[in-house]
There are 2 protein chains.
Amino acid sequence: MQEAVEIVSEKGLNALTMSTLSAKVGVTEGALYRHFSSKNELIMDILNDIFLETTSQISEATSRKQSNAAKLQQIMENQLFLFKQRPAIANLLFAEEYFLTNHDIKILIYSIINTIQLYIQEIFENGKNSNEFKHNLNPRHISMMFLGTIRMLVMNWKLSDYQWDLPAQGKVFYHSFLEIIEEKNLNQ
Amino acid sequence: MQEAVEIVSEKGLNALTMSTLSAKVGVTEGALYRHFSSKNELIMDILNDIFLETTSQISEATSRKQSNAAKLQQIMENQLFLFKQRPAIANLLFAEEYFLTNHDIKILIYSIINTIQLYIQEIFENGKNSNEFKHNLNPRHISMMFLGTIRMLVMNWKLSDYQWDLPAQGKVFYHSFLEIIEEKNLNQ
DNA sequence: CTTTTGTAAGTAAATATTCACATACATGCA
DNA sequence: TGCATGTATGTGAATATTTACTTACAAAAG
C-alpha cells in the first residue's frame with residue numbers, strides 16, 4: 001500500500017497499475033492478488049487509511065482548547081502539509097474521473113469529504129455563537145467555500161508543477177479568508 | 001467533436017476512446033484519423049471551443065452595464081448552466097488526472113482557468129474601487145475562493161449523481177458569498 | 001502437513017494508431 | 001460530352017502494447 005501511494009504521488013492514479021506496482025514492490029503481479037482481491041480493493045484500503053488519518057487530525061484540532069479561527073488554521077495547515085508530503089492523498093480524494101465509473105469508491109470518497117465538511121461546519125457554528133465570526137454566515141455554505149478554496153489551491157499547485165509551497169500559500173489564503181469572516185468588534 | 005462531448009458528458013473522459021467514439025459517430029476508427037491526427041488533438045480542439053465559448057460569455061457579462069455584483073452573478077449562472085447542459089465541459093476543465101501525463105493539455109487548461117480567474121479578479125478590483133465590495137478584499141484571493149466555491153459545488157454535484165439542480169444551488173451560494181464581501185453602508 | 005505466500009506463464013479484452021485499399025466527387029482537359 | 005487526375009473521406013483488418021486478473025505449481029513457515 002505504501003508503494004502504491006508513492007506511485008500515485010509521483011505519477012498520478014492512472015499510473016497505478018498492477019504491473020507498475022508489482023515491479024516497484026519487487027514481486028510478481030500474482031503475489032499482489034494474495035493480499036488484495038482486486039485493484040479496487042487496494043484503492044479502497046488506501047482510501048480508508050486516508051480517511052482515518054485525516055479525520056483523526058481534524059478531530060484532534062477540533063478538540064484542542066483554542067479559538068475557532070485557530071482550529072480552522074490548524075486544519076488547513078495539517079491538510080495542506082499532508083498533500084505536500086503525499087500528493088497521492090490529494091490525487092485520490094479528488095479523483096473525480098475515477099469514481100465516475102466505480103460506485104463503491106465514489107461512496108467512500110463522498111463520506112470522507114462529507115465528514116470533513118461537517119467538522120468544519122461545526123467550527124463555523126461555534127465561531128458564530130461565540131461572536132468570533134460574523135453572525136450572518138451560513139455555516140454549511142462557508143465550510144464548503146473553505147474547502148473549495150483548498151481545492152482550488154491544490155488544483156493550481158498541480159497546474160504549476162508543484163513549483164510553489166502549498167502550505168505557505170495556504171497560510172496566505174487563510175488570512176484573507178479570516179479577514180472577511182471575522183467579526184470586527186467596533187467597541188474595542 | 002459533438003459526439004465526443006456527449007460521451008464525456010455521459011460517461012466521463014475515460015470513456016472517450018477512439019473505439020467508442022467511432023461507434024457513436026457511425027464510422028470506423030480510421031475515419032476519425034482523417035480529421036484528427038491523434039486523440040489528443042481531438043481533445044485539444046474541443047478544449048479550444050470551450051475556451052472560446054466560456055471567455056466570450058464572461059467578457060459579455062463583464063462589458064454589460066451592470067453592477068459588479070450582477071456581473072459576478074451572471075458569470076456564475078452562465079457557467080453552471082453550461083456545466084448542467086454539457087457536463088463534459090466540467091469533466092474536461094477539471095480533468096486533473098488527465099493532464100498529469102499530457103503537457104500540452106495541461107498548458108491549455110491552465111490558460112483557460114487563468115483567463116477566467118483574471119476576468120473575475122478584475123470584477124473584484126472594480127467592485128472594491130466603487131465601494132461596492134469591502135475595501136479589505138484581496139482581489140486575487142477572493143477570485144480564487146469564488147472559483148473554488150464553484151469547483152466544490154460541481155464536485156458535490158457529481159458525487160450526488162447530478163441529483164440536484166446545479167444552477168439553483170449556485171444561486172444560493174452566490175448570495176451567501178455576496179453577503180460576506182458586500183460593503184454595508186452604515187450611513188444609510 | 002497444512003496454510004500462507006510466492007512464481008511463471010498464461011488469459012481475454014481494450015487501447016491508440018496505421019495500413020493498403022476503395023469510393024465519391026470536383027476540376028481540368030480533349 | 002467523355003475521360004483522366006487529384007483530393008477528401010471512408011473501410012476493414014492488422015499492429016504492438018497495456019490492462020486487470022487467473023491458474024498450475026513450488027517453496028516456505030508454523
# chains A, B, ... in the order shown; residues from 1 in each chain; ligands from 1
$ interface_residues --of "chain A" --to "chain C" --cutoff "10 Å" --atoms "only C-alpha atoms (C1' of nucleotides)" --output "list in words"
Val27, Thr28, Glu29, Gly30, Ala31, Leu32, Arg34 and His35 of chain A
$ write_last_selection --atoms "C-alpha atoms" --output "mmCIF file, in the first residue's frame"
data_model
loop_
_atom_site.group_PDB
_atom_site.id
_atom_site.type_symbol
_atom_site.label_atom_id
_atom_site.label_comp_id
_atom_site.auth_asym_id
_atom_site.auth_seq_id
_atom_site.Cartn_x
_atom_site.Cartn_y
_atom_site.Cartn_z
ATOM 1 C CA VAL A 27 7.133 -9.265 -6.542
ATOM 2 C CA THR A 28 5.030 -10.659 -9.344
ATOM 3 C CA GLU A 29 1.537 -9.440 -10.065
ATOM 4 C CA GLY A 30 0.093 -12.682 -8.829
ATOM 5 C CA ALA A 31 1.573 -12.080 -5.391
ATOM 6 C CA LEU A 32 -0.411 -8.839 -5.108
ATOM 7 C CA ARG A 34 -2.694 -12.852 -2.475
ATOM 8 C CA HIS A 35 -3.289 -9.686 -0.466
#
$ residues_around --residues "Lys158 (chain A)" --least-positions-apart "4" --cutoff "9 Å" --atoms "only C-alpha atoms (C1' of nucleotides)" --output "VMD selection string"
(chain A and resid 153 to 154 162 to 163) or (chain B and resid 96 100)
$ interface_residues --of "chain A" --to "chain D" --cutoff "12 Å" --atoms "only C-alpha atoms (C1' of nucleotides)" --output "list of chain:residue names"
A:Asn14, A:Ala15, A:Leu16, A:Thr17, A:Met18, A:Ser19, A:Thr20, A:Glu29, A:Gly30, A:Ala31, A:Leu32, A:Tyr33, A:Arg34, A:Phe36, A:Ser37, A:Ser38, A:Lys39, A:Asn40
$ atom_distance --atom1 "CA of Gln85 (chain A)" --atom2 "CA of Glu6 (chain A)"
10.3 Å
$ closest_residue --among "A:Ile58, A:Ala88, A:Leu72, A:Leu137" --to "Met1 (chain A)" --atoms "only C-alpha atoms"
A:Ala88
